[in-house]
>>> print(open('data.cif').read())   # mmCIF, C-alpha atoms
data_my_file
#
loop_
_atom_site.label_atom_id
_atom_site.label_comp_id
_atom_site.auth_asym_id
_atom_site.auth_seq_id
_atom_site.Cartn_x
_atom_site.Cartn_y
_atom_site.Cartn_z
CA MET A 1 -16.01 -28.32 -24.92
CA CYS A 2 -19.58 -27.39 -25.93
CA ALA A 3 -19.54 -30.07 -28.64
CA MET A 4 -18.04 -32.64 -26.28
CA ARG A 5 -20.72 -32.00 -23.67
CA HIS A 6 -23.51 -32.04 -26.28
CA MET A 7 -22.29 -35.43 -27.49
CA TYR A 8 -22.17 -36.70 -23.90
CA GLU A 9 -25.66 -35.52 -22.96
CA TYR A 10 -27.55 -36.11 -26.22
CA GLY A 11 -25.53 -38.58 -28.26
CA THR A 12 -24.75 -36.04 -30.98
CA THR A 13 -22.12 -37.38 -33.41
CA SER A 14 -19.27 -35.95 -35.47
CA ASP A 15 -21.13 -37.14 -38.59
CA GLN A 16 -24.09 -34.97 -37.66
CA LEU A 17 -21.90 -31.93 -37.05
CA ALA A 18 -20.16 -32.58 -40.38
CA TRP A 19 -23.50 -32.26 -42.21
CA ILE A 20 -23.55 -28.57 -41.26
CA LYS A 21 -20.27 -28.06 -43.13
CA VAL A 22 -21.43 -30.24 -46.02
CA SER A 23 -24.55 -28.09 -46.42
CA ALA A 24 -22.52 -24.87 -46.28
CA SER A 25 -20.16 -26.17 -48.96
CA TYR A 26 -23.11 -27.23 -51.14
CA HIS A 27 -24.29 -23.61 -51.10
CA ALA A 28 -20.80 -22.11 -51.44
CA GLN A 29 -20.19 -23.86 -54.77
CA TYR A 30 -22.61 -21.34 -56.31
CA ASN A 31 -21.00 -18.31 -54.64
CA THR A 32 -18.07 -17.11 -56.73
CA HIS A 33 -17.01 -14.82 -53.86
CA ALA A 34 -16.79 -17.65 -51.30
CA LEU A 35 -13.31 -18.40 -49.97
CA LEU A 36 -14.00 -22.15 -50.10
CA GLN A 37 -16.11 -23.20 -53.08
CA GLU A 38 -15.36 -26.90 -53.13
CA VAL A 39 -18.16 -29.28 -52.16
CA VAL A 40 -17.09 -31.53 -49.28
CA SER A 41 -18.51 -34.77 -47.90
CA VAL A 42 -19.06 -35.98 -44.36
CA LYS A 43 -15.97 -38.16 -44.83
CA ASP A 44 -13.90 -35.13 -45.92
CA VAL A 45 -14.82 -33.37 -42.67
CA LEU A 46 -14.03 -36.40 -40.51
CA ASP A 47 -10.74 -36.99 -42.36
CA SER A 48 -9.52 -33.42 -41.80
CA PRO A 49 -7.13 -32.96 -38.85
CA VAL A 50 -8.58 -32.61 -35.37
CA ILE A 51 -8.02 -29.06 -34.12
CA ALA A 52 -9.69 -29.23 -30.69
CA ASP A 53 -11.53 -32.46 -29.90
CA PRO A 54 -14.05 -33.25 -31.23
CA LEU A 55 -13.84 -30.51 -33.87
CA HIS A 56 -11.94 -31.06 -37.10
CA ARG A 57 -10.44 -28.38 -39.30
CA LEU A 58 -13.54 -28.47 -41.53
CA ASP A 59 -15.77 -27.94 -38.47
CA CYS A 60 -14.13 -24.50 -38.13
CA CYS A 61 -14.96 -21.30 -39.99
CA VAL A 62 -12.67 -19.50 -42.40
CA ILE A 63 -10.91 -16.29 -41.41
CA THR A 64 -11.27 -13.43 -43.87
CA ASP A 65 -11.38 -9.70 -44.22
CA GLY A 66 -14.66 -8.12 -45.20
CA GLY A 67 -17.58 -6.15 -43.93
CA GLY A 68 -21.12 -5.18 -44.72
CA ALA A 69 -23.73 -2.50 -44.31
CA LEU A 70 -27.49 -2.29 -43.99
CA ILE A 71 -29.69 0.68 -44.78
CA VAL A 72 -32.69 1.00 -42.49
CA VAL A 73 -35.19 3.73 -43.38
CA ASN A 74 -38.61 4.90 -42.26
CA PRO A 75 -41.67 3.59 -44.17
CA ASP A 76 -42.08 6.82 -46.21
CA VAL A 77 -38.61 6.49 -47.64
CA ALA A 78 -39.02 2.74 -48.10
CA ASN A 79 -42.21 3.23 -50.11
CA SER A 80 -40.41 5.59 -52.50
CA LEU A 81 -37.83 2.94 -53.38
CA LYS A 82 -38.09 0.75 -56.44
CA ARG A 83 -36.52 -2.32 -54.79
CA PRO A 84 -38.32 -5.12 -52.90
CA LYS A 85 -38.63 -4.14 -49.25
CA VAL A 86 -37.83 -6.12 -46.13
CA LYS A 87 -39.45 -5.35 -42.80
CA ILE A 88 -38.06 -6.07 -39.34
CA LEU A 89 -40.78 -8.00 -37.48
CA GLY A 90 -38.86 -8.92 -34.36
CA ALA A 91 -35.46 -8.21 -32.85
CA ALA A 92 -33.94 -9.16 -29.52
CA SER A 93 -30.57 -9.51 -27.85
CA ALA A 94 -29.31 -11.24 -24.72
CA VAL A 95 -26.10 -12.17 -22.94
CA LYS A 96 -24.92 -15.34 -21.24
CA HIS A 97 -22.05 -15.54 -18.76
CA GLN A 98 -20.56 -18.27 -16.60
CA MET A 99 -23.10 -17.35 -13.94
CA GLY A 100 -20.68 -17.43 -11.04
CA GLY A 101 -19.58 -20.92 -12.00
CA ARG A 102 -22.99 -22.48 -12.84
CA VAL A 103 -21.64 -23.57 -16.21
CA ASP A 104 -24.08 -25.18 -18.66
CA LEU A 105 -22.58 -25.59 -22.14
CA THR A 106 -25.68 -27.12 -23.73
CA TYR A 107 -27.34 -23.83 -24.57
CA SER A 108 -26.44 -20.34 -25.81
CA ALA A 109 -27.91 -16.89 -25.23
CA ALA A 110 -30.04 -17.60 -28.33
CA ALA A 111 -32.31 -19.45 -25.90
CA LEU A 112 -33.07 -16.01 -24.44
CA SER A 113 -33.01 -13.72 -27.50
CA GLY A 114 -34.84 -16.18 -29.80
CA PRO A 115 -38.16 -16.45 -27.92
CA ARG A 116 -38.24 -12.66 -27.40
CA ALA A 117 -37.77 -12.00 -31.13
CA PHE A 118 -40.46 -14.57 -32.02
CA ALA A 119 -42.84 -13.02 -29.48
CA GLU A 120 -42.34 -9.55 -30.93
CA ALA A 121 -42.88 -10.88 -34.46
CA GLY A 122 -45.92 -12.92 -33.43
CA LEU A 123 -44.46 -15.89 -35.27
CA LYS A 124 -43.13 -19.36 -34.49
CA PRO A 125 -40.18 -21.33 -35.89
CA ALA A 126 -42.44 -23.22 -38.33
CA ASP A 127 -43.23 -19.89 -40.06
CA VAL A 128 -39.59 -19.32 -41.03
CA LYS A 129 -38.60 -20.24 -44.61
CA TYR A 130 -34.89 -19.40 -44.44
CA VAL A 131 -32.34 -19.04 -41.62
CA SER A 132 -28.96 -17.34 -41.48
CA ILE A 133 -27.17 -18.79 -38.47
CA TYR A 134 -23.78 -17.61 -37.25
CA ASP A 135 -21.38 -20.50 -37.74
CA SER A 136 -18.01 -20.02 -36.08
CA PHE A 137 -17.99 -23.80 -35.72
CA THR A 138 -20.47 -26.47 -36.76
CA ILE A 139 -21.56 -26.96 -33.12
CA THR A 140 -22.45 -23.25 -32.91
CA VAL A 141 -25.16 -23.73 -35.57
CA LEU A 142 -26.54 -26.85 -33.94
CA ILE A 143 -26.89 -25.26 -30.50
CA GLU A 144 -28.39 -22.03 -31.87
CA LEU A 145 -31.01 -23.93 -33.95
CA GLU A 146 -32.06 -25.90 -30.88
CA ASP A 147 -32.19 -22.75 -28.75
CA LEU A 148 -34.37 -20.99 -31.32
CA GLY A 149 -36.91 -23.81 -31.13
CA PHE A 150 -36.41 -25.38 -34.56
CA CYS A 151 -36.26 -28.71 -32.74
CA GLU A 152 -36.31 -30.05 -29.22
CA LYS A 153 -33.13 -29.50 -27.16
CA GLY A 154 -30.75 -32.33 -27.91
CA ARG A 155 -32.31 -33.20 -31.30
CA GLY A 156 -30.20 -30.77 -33.32
CA GLY A 157 -28.05 -33.57 -34.70
CA VAL A 158 -31.06 -35.10 -36.43
CA LEU A 159 -32.30 -31.68 -37.61
CA VAL A 160 -29.08 -30.81 -39.47
CA SER A 161 -28.40 -34.23 -40.99
CA ASP A 162 -28.99 -35.63 -44.46
CA GLY A 163 -29.02 -32.29 -46.25
CA ASN A 164 -31.89 -30.82 -44.25
CA LEU A 165 -30.12 -27.42 -44.24
CA MET A 166 -29.65 -27.41 -48.04
CA SER A 167 -31.78 -25.12 -50.17
CA GLY A 168 -33.98 -27.13 -52.53
CA VAL A 169 -33.22 -30.34 -50.64
CA GLY A 170 -34.14 -29.93 -46.97
CA THR A 171 -36.85 -28.29 -44.92
CA LEU A 172 -34.67 -25.63 -43.26
CA PRO A 173 -32.39 -23.88 -45.79
CA CYS A 174 -29.50 -22.30 -43.86
CA ASN A 175 -26.64 -19.98 -44.86
CA THR A 176 -27.14 -20.10 -48.63
CA ASP A 177 -24.07 -17.89 -49.17
CA GLY A 178 -21.89 -20.64 -47.66
CA GLY A 179 -21.83 -19.03 -44.22
CA SER A 180 -18.67 -18.50 -42.21
CA LEU A 181 -17.75 -22.15 -42.69
CA CYS A 182 -17.12 -21.52 -46.42
CA ASN A 183 -17.89 -17.97 -47.55
CA ASN A 184 -16.45 -15.38 -45.15
CA HIS A 185 -15.87 -14.52 -41.54
CA PRO A 186 -14.75 -10.91 -41.35
CA ALA A 187 -13.32 -10.78 -37.80
CA ASN A 188 -16.14 -9.94 -35.38
CA ARG A 189 -18.59 -9.06 -38.14
CA GLY A 190 -19.88 -12.53 -38.94
CA GLY A 191 -23.44 -11.45 -38.23
CA ILE A 192 -23.67 -8.69 -40.82
CA THR A 193 -22.96 -10.93 -43.80
CA ARG A 194 -25.53 -13.41 -42.52
CA THR A 195 -28.11 -10.60 -42.39
CA ILE A 196 -27.30 -9.51 -45.95
CA GLU A 197 -27.91 -13.04 -47.30
CA ALA A 198 -31.27 -13.16 -45.48
CA VAL A 199 -32.28 -9.88 -47.15
CA ARG A 200 -31.24 -11.30 -50.53
CA GLN A 201 -33.39 -14.37 -49.95
CA LEU A 202 -36.43 -12.26 -49.01
CA ARG A 203 -35.96 -10.01 -52.05
CA GLY A 204 -35.60 -13.05 -54.30
CA GLU A 205 -32.10 -11.87 -55.19
CA ALA A 206 -30.11 -14.83 -53.90
CA ASN A 207 -28.20 -16.97 -56.38
CA PRO A 208 -30.94 -18.79 -58.39
CA ALA A 209 -29.35 -22.14 -57.54
CA VAL A 210 -29.94 -21.57 -53.82
CA GLN A 211 -32.94 -19.20 -53.86
CA VAL A 212 -35.62 -20.47 -51.47
CA LYS A 213 -39.06 -20.63 -53.11
CA ASN A 214 -41.75 -18.34 -51.69
CA CYS A 215 -39.32 -16.98 -49.11
CA ASP A 216 -41.47 -14.57 -47.11
CA VAL A 217 -40.03 -14.90 -43.59
CA ALA A 218 -36.37 -15.24 -42.64
CA LEU A 219 -34.50 -15.40 -39.35
CA VAL A 220 -30.98 -14.19 -38.64
CA GLN A 221 -29.17 -15.41 -35.55
CA ALA A 222 -25.67 -14.55 -34.38
CA ILE A 223 -23.62 -14.72 -31.24
CA GLY A 224 -20.50 -12.73 -30.45
CA GLY A 225 -17.91 -13.65 -27.87
CA SER A 226 -17.26 -17.24 -26.94
CA LEU A 227 -19.85 -20.01 -27.00
CA GLY A 228 -18.17 -21.80 -24.07
CA THR A 229 -17.56 -18.88 -21.69
CA ARG A 230 -19.57 -15.71 -22.25
CA HIS A 231 -21.23 -14.16 -25.26
CA GLY A 232 -23.97 -11.92 -26.57
CA SER A 233 -26.72 -13.13 -28.89
CA ALA A 234 -28.91 -11.28 -31.37
CA THR A 235 -31.96 -12.62 -33.18
CA LEU A 236 -33.67 -10.84 -36.05
CA ILE A 237 -36.89 -11.88 -37.80
CA LEU A 238 -37.48 -10.34 -41.21
CA GLU A 239 -40.42 -10.35 -43.61
CA ARG A 240 -40.76 -9.57 -47.30
CA GLU A 241 -43.18 -6.70 -47.85
CA GLY A 242 -45.61 -6.41 -50.71
CA MET B 243 2.41 -30.70 -19.75
CA SER B 244 3.95 -27.70 -21.40
CA THR B 245 5.89 -25.49 -19.00
CA SER B 246 5.62 -22.54 -21.37
CA LEU B 247 2.07 -21.88 -20.18
CA ARG B 248 1.44 -18.23 -19.48
CA GLY B 249 -0.52 -17.48 -16.34
CA ALA B 250 -2.96 -14.70 -15.70
CA GLN B 251 -1.42 -11.50 -14.38
CA PRO B 252 -2.63 -11.12 -10.78
CA ILE B 253 -4.51 -7.93 -9.99
CA PRO B 254 -5.41 -6.74 -6.47
CA GLU B 255 -8.77 -8.53 -6.67
CA THR B 256 -7.19 -11.88 -7.61
CA GLU B 257 -3.87 -11.68 -5.78
CA ALA B 258 -5.10 -13.72 -2.79
CA PHE B 259 -6.25 -16.53 -5.12
CA TRP B 260 -2.78 -16.79 -6.69
CA ASN B 261 -1.02 -16.51 -3.33
CA CYS B 262 -3.12 -19.41 -2.02
CA ALA B 263 -2.22 -21.44 -5.12
CA LYS B 264 1.46 -20.89 -4.34
CA GLU B 265 0.79 -22.43 -0.93
CA GLY B 266 -0.96 -25.40 -2.56
CA VAL B 267 -4.44 -24.28 -1.58
CA LEU B 268 -7.38 -23.93 -3.98
CA VAL B 269 -9.86 -21.25 -3.03
CA ILE B 270 -13.24 -20.34 -4.47
CA GLY B 271 -15.49 -17.36 -3.80
CA THR B 272 -18.31 -17.48 -1.30
CA CYS B 273 -20.80 -14.98 0.02
CA PRO B 274 -21.50 -14.47 3.76
CA SER B 275 -24.82 -12.80 2.86
CA CYS B 276 -26.50 -15.19 0.39
CA HIS B 277 -24.27 -18.20 1.24
CA LYS B 278 -23.76 -19.14 -2.41
CA ASN B 279 -20.36 -20.22 -3.71
CA HIS B 280 -18.99 -18.79 -6.93
CA TYR B 281 -16.06 -19.16 -9.26
CA TYR B 282 -13.94 -17.29 -10.28
CA PRO B 283 -13.42 -15.52 -6.93
CA ARG B 284 -14.08 -11.79 -6.95
CA ALA B 285 -14.62 -8.87 -4.58
CA VAL B 286 -18.38 -8.67 -5.05
CA CYS B 287 -20.82 -11.62 -5.01
CA PRO B 288 -22.19 -12.15 -8.55
CA PHE B 289 -25.56 -13.21 -7.14
CA CYS B 290 -26.39 -10.59 -4.49
CA SER B 291 -23.68 -7.90 -4.90
CA ASN B 292 -22.56 -8.02 -1.28
CA ASN B 293 -18.88 -8.32 -0.34
CA ALA B 294 -17.58 -11.80 -1.14
CA GLU B 295 -14.99 -13.87 0.69
CA LEU B 296 -12.61 -16.67 -0.14
CA LYS B 297 -13.24 -20.23 0.97
CA VAL B 298 -10.87 -23.20 0.83
CA ALA B 299 -12.17 -25.80 -1.63
CA SER B 300 -11.84 -29.56 -1.29
CA GLY B 301 -9.93 -29.72 -4.57
CA ARG B 302 -12.13 -32.62 -5.66
CA GLY B 303 -14.56 -32.69 -8.52
CA GLN B 304 -15.42 -34.31 -11.80
CA ILE B 305 -14.85 -33.45 -15.43
CA TYR B 306 -17.85 -31.56 -16.85
CA SER B 307 -16.34 -31.24 -20.32
CA PHE B 308 -12.92 -31.10 -21.96
CA SER B 309 -11.10 -30.68 -25.23
CA VAL B 310 -7.61 -31.49 -26.44
CA MET B 311 -5.78 -28.54 -27.92
CA ARG B 312 -3.82 -30.16 -30.74
CA ARG B 313 -2.49 -27.18 -32.72
CA VAL B 314 0.48 -26.62 -30.39
CA PRO B 315 3.84 -28.42 -30.13
CA VAL B 316 2.72 -30.28 -26.99
CA PRO B 317 -1.05 -30.96 -26.99
CA TYR B 318 -2.77 -30.19 -23.71
CA ILE B 319 -6.22 -30.74 -22.23
CA ILE B 320 -8.49 -27.85 -21.39
CA ALA B 321 -11.47 -28.69 -19.19
CA TYR B 322 -14.34 -27.49 -17.08
CA VAL B 323 -14.19 -29.24 -13.72
CA ALA B 324 -17.32 -29.26 -11.55
CA LEU B 325 -16.09 -28.97 -7.97
CA GLU B 326 -17.79 -30.63 -5.02
CA GLU B 327 -18.67 -27.13 -3.80
CA GLY B 328 -21.12 -26.68 -6.70
CA VAL B 329 -19.07 -24.38 -8.92
CA THR B 330 -17.41 -25.21 -12.23
CA MET B 331 -13.95 -23.90 -13.10
CA MET B 332 -12.00 -23.77 -16.34
CA THR B 333 -8.67 -25.53 -15.92
CA ASN B 334 -6.30 -28.11 -17.42
CA ILE B 335 -6.19 -31.87 -16.90
CA THR B 336 -2.62 -33.05 -16.49
CA ASP B 337 -0.39 -36.02 -15.63
CA CYS B 338 -2.32 -38.60 -17.65
CA PRO B 339 -2.59 -39.98 -21.17
CA ILE B 340 -5.05 -38.02 -23.32
CA ASP B 341 -7.12 -41.12 -23.99
CA ALA B 342 -7.74 -41.63 -20.27
CA VAL B 343 -9.74 -38.40 -19.97
CA ALA B 344 -13.54 -38.58 -20.12
CA ILE B 345 -16.53 -36.54 -18.99
CA GLY B 346 -17.67 -37.60 -15.54
CA LYS B 347 -14.27 -38.86 -14.35
CA LYS B 348 -13.28 -37.86 -10.83
CA VAL B 349 -10.33 -35.49 -10.53
CA GLU B 350 -8.29 -33.79 -7.81
CA VAL B 351 -6.37 -30.54 -7.81
CA VAL B 352 -2.64 -30.42 -8.43
CA PHE B 353 -0.52 -27.28 -8.42
CA LYS B 354 1.78 -26.65 -11.37
CA PRO B 355 4.51 -24.02 -11.44
CA ILE B 356 4.76 -22.14 -14.73
CA GLU B 357 7.49 -20.07 -16.26
CA ASN B 358 6.77 -16.71 -14.60
CA GLY B 359 6.95 -18.15 -11.09
CA GLN B 360 3.20 -18.40 -10.73
CA VAL B 361 1.55 -21.61 -9.61
CA VAL B 362 -1.61 -22.69 -11.46
CA PRO B 363 -4.24 -25.06 -10.08
CA MET B 364 -4.83 -27.92 -12.51
CA PHE B 365 -6.40 -31.35 -12.08
CA ARG B 366 -5.33 -34.95 -12.42
CA LEU B 367 -7.46 -38.09 -12.49
CA SER B 368 -8.21 -39.40 -9.01
CA ALA B 369 -6.69 -42.74 -8.13
#
>>> encode(input="data.cif", output="structure tokens")
Amino acid sequence: MCAMRHMYEYGTTSDQLAWIKVSASYHAQYNTHALLQEVVSVKDVLDSPVIADPLHRLDCCVITDGGGALIVVNPDVANSLKRPKVKILGAASAVKHQMGGRVDLTYSAAALSGPRAFAEAGLKPADVKYVSIYDSFTITVLIELEDLGFCEKGRGGVLVSDGNLMSGVGTLPCNTDGGSLCNNHPANRGGITRTIEAVRQLRGEANPAVQVKNCDVALVQAIGGSLGTRHGSATLILEREG
Amino acid sequence: MSTSLRGAQPIPETEAFWNCAKEGVLVIGTCPSCHKNHYYPRAVCPFCSNNAELKVASGRGQIYSFSVMRRVPVPYIIAYVALEEGVTMMTNITDCPIDAVAIGKKVEVVFKPIENGQVVPMFRLSA
């Protein structure tokens, strides 16, 4: 229903949504752990069966087992480590409900958590070299990117099209592990694997085929719950140190 | 429309809503203190936290958004309907061909019995 409303208000198309899956599959071909490693085209997405209008099967994430962990330490410990370090510059969370029936499906709680995280980091969207964006469905990515300020509200369709989310091709490399659309979606832990890929990018330890050049600032965005009813959102802005 | 739909289990807070539906009456929540309507109905106003009341709704509105659930034996239409009273409710659109449904179309409430004896407010396209 979020996608349907976005199309109605802003003219977003199924082709534009499909580009988000196409970009994820482009990255996933280099990830030998990804559940889906086959590169798909816009036509492949549109030709897959409709699950819930207007979303096709290939607009939907995979379902997998899995998990992840992060180690966060104080600066003294960090300085004693021999690995590249990543610093948390900004972090924020927010929730969005149905607001007593004032339903507006065009935005997510990322519109609240995003600006707070950027303010804490003292940065703006143009400073970000890589983004990990939670991708339960293609529309989830599009709405979150708009809410974070990577483009004007309603212009997400243009932002994600024509390979703009592909590392080495576009201006906003996104989910270089293949994201939840191709790599993994371990139940309600979709956010942790997105964070791990962002850390890899900042350390320069991503797959060389998808490593973003000079990747010094990355953003991780995830929502949990349901995009169309109520959910929580978390935004994290990370920087490579040294 | 599938008759195998499972309804929500009424709890004390929502029992009056479901009883009204059985009588063919759609109710929403309203607040005697801040005078704002809300949906779903509940005991406490979500805007000012004072005791809320029920209010009979017109049953008229328009489709805010919808989707067709196609991975079931009988596809059905889920929708958000924006009521004339200024609140939007999640519901189903029924009694029409799928292709006839569009955002912005006017709809009116219709009450559908489901398998557990409950009656669920849904909407059909207005004539």
>>> resolve_selection(input="data.cif", expression="the PyMOL selection byres ((chain B) within 7 of (chain A))", output="list of chain:residue names")
B:His280, B:Tyr281, B:Tyr282, B:Pro288, B:Ser307, B:Phe308, B:Ser309, B:Val310, B:Met311, B:Arg312, B:Arg313, B:Val329, B:Thr330, B:Met331
>>> write_last_selection(input="data.cif", atoms="C-alpha atoms", output="compact mmCIF listing (two decimals), keeping the file's coordinate frame")
# COMPACT_ATOMS: atom_id res chain seq x y z
CA HIS B 280 -18.99 -18.79 -6.93
CA TYR B 281 -16.06 -19.16 -9.26
CA TYR B 282 -13.94 -17.29 -10.28
CA PRO B 288 -22.19 -12.15 -8.55
CA SER B 307 -16.34 -31.24 -20.32
CA PHE B 308 -12.92 -31.10 -21.96
CA SER B 309 -11.10 -30.68 -25.23
CA VAL B 310 -7.61 -31.49 -26.44
CA MET B 311 -5.78 -28.54 -27.92
CA ARG B 312 -3.82 -30.16 -30.74
CA ARG B 313 -2.49 -27.18 -32.72
CA VAL B 329 -19.07 -24.38 -8.92
CA THR B 330 -17.41 -25.21 -12.23
CA MET B 331 -13.95 -23.90 -13.10
>>> atom_distance(input="data.cif", atom1="CA of Ala28 (chain A)", atom2="CA of Gly179 (chain A)")
7.9 Å
>>> resolve_selection(input="data.cif", expression="the PyMOL selection byres ((chain A and resi 217) around 8)", output="mmCIF file with C-alpha atoms, keeping the file's coordinate frame")
data_model
loop_
_atom_site.group_PDB
_atom_site.id
_atom_site.type_symbol
_atom_site.label_atom_id
_atom_site.label_comp_id
_atom_site.auth_asym_id
_atom_site.auth_seq_id
_atom_site.Cartn_x
_atom_site.Cartn_y
_atom_site.Cartn_z
ATOM 1 C CA ASP A 127 -43.230 -19.890 -40.060
ATOM 2 C CA VAL A 128 -39.590 -19.320 -41.030
ATOM 3 C CA LYS A 129 -38.600 -20.240 -44.610
ATOM 4 C CA TYR A 130 -34.890 -19.400 -44.440
ATOM 5 C CA LEU A 202 -36.430 -12.260 -49.010
ATOM 6 C CA CYS A 215 -39.320 -16.980 -49.110
ATOM 7 C CA ASP A 216 -41.470 -14.570 -47.110
ATOM 8 C CA ALA A 218 -36.370 -15.240 -42.640
ATOM 9 C CA LEU A 219 -34.500 -15.400 -39.350
ATOM 10 C CA ILE A 237 -36.890 -11.880 -37.800
ATOM 11 C CA LEU A 238 -37.480 -10.340 -41.210
ATOM 12 C CA GLU A 239 -40.420 -10.350 -43.610
ATOM 13 C CA ARG A 240 -40.760 -9.570 -47.300
#
>>> residues_around(input="data.cif", residues="Arg366 (chain B)", least_positions_apart="3", cutoff="12 Å", atoms="only C-alpha atoms", output="number ranges by chain")
B: 243, 301-305, 319-321, 323, 333-340, 342-344, 347-354, 363, 369
>>> closest_residue(input="data.cif", among="B:Leu325, B:Val298, B:Ser291, B:Ala285", to="Glu255 (chain B)", atoms="only C-alpha atoms")
B:Ala285
>>> residues_around(input="data.cif", residues="region 11-15 of chain A", least_positions_apart="4", cutoff="8 Å", atoms="only C-alpha atoms", output="list in words")
His6, Met7, Trp19, Val42, Leu46, Pro54, Leu55, Gly154, Gly156 and Gly157 of chain A
>>> resolve_selection(input="data.cif", expression="the PyMOL selection byres ((chain A and resi 225) around 12)", output="ChimeraX atom specification")
/A:95-97,108-109,134,136,140,187-191,222-224,226-234
>>> residues_around(input="data.cif", residues="Gln29 (chain A)", least_positions_apart="4", cutoff="9 Å", atoms="all atoms listed in the file", output="count of residues only")
8
>>> atom_distance(input="data.cif", atom1="CA of Asn279 (chain B)", atom2="CA of Lys297 (chain B)")
8.5 Å
>>> atom_distance(input="data.cif", atom1="CA of Pro173 (chain A)", atom2="CA of Ala121 (chain A)")
20.2 Å
>>> residues_near_point(input="data.cif", point="(-32.2, -34.6, -39.5)", cutoff="12 Å", atoms="all atoms listed in the file", output="ChimeraX atom specification")
/A:12,15-17,19-20,142,150-152,154-166,169-172
>>> closest_residue(input="data.cif", among="A:Ile192, A:Pro186, A:Arg57, A:Glu144", to="Ile71 (chain A)", atoms="all atoms listed in the file")
A:Ile192
>>> closest_residue(input="data.cif", among="A:Val212, A:Leu236, A:Leu145, A:Val131", to="Gly90 (chain A)", atoms="only C-alpha atoms")
A:Leu236
>>> residues_around(input="data.cif", residues="Ala206 (chain A)", least_positions_apart="5", cutoff="12 Å", atoms="all atoms listed in the file", output="NGL selection string")
:A and (27 or 30-31 or 130 or 167 or 175-178 or 196-201 or 211-213 or 215)
>>> axis_aligned_box(input="data.cif", around="region 102-117 of chain A", padding_each_side="3 Å", output="JSON")
{"center_x": -29.9, "center_y": -19.6, "center_z": -22.0, "size_x": 22.6, "size_y": 21.1, "size_z": 24.3}
>>> residues_around(input="data.cif", residues="Ser275 (chain B)", least_positions_apart="2", cutoff="8 Å", atoms="only C-alpha atoms", output="list in words")
Cys273, His277, Cys290 and Asn292 of chain B
>>> decode(input="data.cif", residues="region 30-40 of chain A", atoms="N, CA, C and O atoms", output="compact mmCIF listing (two decimals), in the first residue's frame")
# COMPACT_ATOMS: atom_id res chain seq x y z
N TYR A 30 28.90 -11.02 -6.70
CA TYR A 30 30.27 -11.10 -6.18
C TYR A 30 30.32 -11.68 -4.76
O TYR A 30 31.40 -11.82 -4.18
N ASN A 31 29.16 -11.94 -4.18
CA ASN A 31 29.09 -12.44 -2.80
C ASN A 31 28.75 -13.93 -2.82
O ASN A 31 27.60 -14.31 -3.05
N THR A 32 29.75 -14.76 -2.59
CA THR A 32 29.53 -16.21 -2.70
C THR A 32 28.62 -16.73 -1.59
O THR A 32 28.17 -17.87 -1.64
N HIS A 33 28.37 -15.90 -0.57
CA HIS A 33 27.47 -16.32 0.51
C HIS A 33 26.02 -15.90 0.25
O HIS A 33 25.12 -16.26 1.01
N ALA A 34 25.79 -15.09 -0.78
CA ALA A 34 24.44 -14.58 -1.03
C ALA A 34 23.51 -15.71 -1.44
O ALA A 34 23.89 -16.61 -2.18
N LEU A 35 22.27 -15.64 -0.96
CA LEU A 35 21.29 -16.68 -1.32
C LEU A 35 20.98 -16.61 -2.82
O LEU A 35 20.88 -17.63 -3.48
N LEU A 36 20.83 -15.40 -3.33
CA LEU A 36 20.55 -15.21 -4.76
C LEU A 36 21.73 -14.48 -5.40
O LEU A 36 21.98 -13.32 -5.10
N GLN A 37 22.46 -15.17 -6.27
CA GLN A 37 23.67 -14.57 -6.85
C GLN A 37 23.50 -14.25 -8.33
O GLN A 37 24.44 -13.78 -8.98
N GLU A 38 22.33 -14.50 -8.85
CA GLU A 38 22.11 -14.28 -10.27
C GLU A 38 21.75 -12.81 -10.53
O GLU A 38 20.91 -12.24 -9.83
N VAL A 39 22.40 -12.24 -11.54
CA VAL A 39 22.09 -10.86 -11.91
C VAL A 39 20.73 -10.84 -12.62
O VAL A 39 20.48 -11.66 -13.51
N VAL A 40 19.86 -9.92 -12.19
CA VAL A 40 18.54 -9.82 -12.84
C VAL A 40 18.39 -8.45 -13.50
O VAL A 40 19.09 -7.50 -13.15
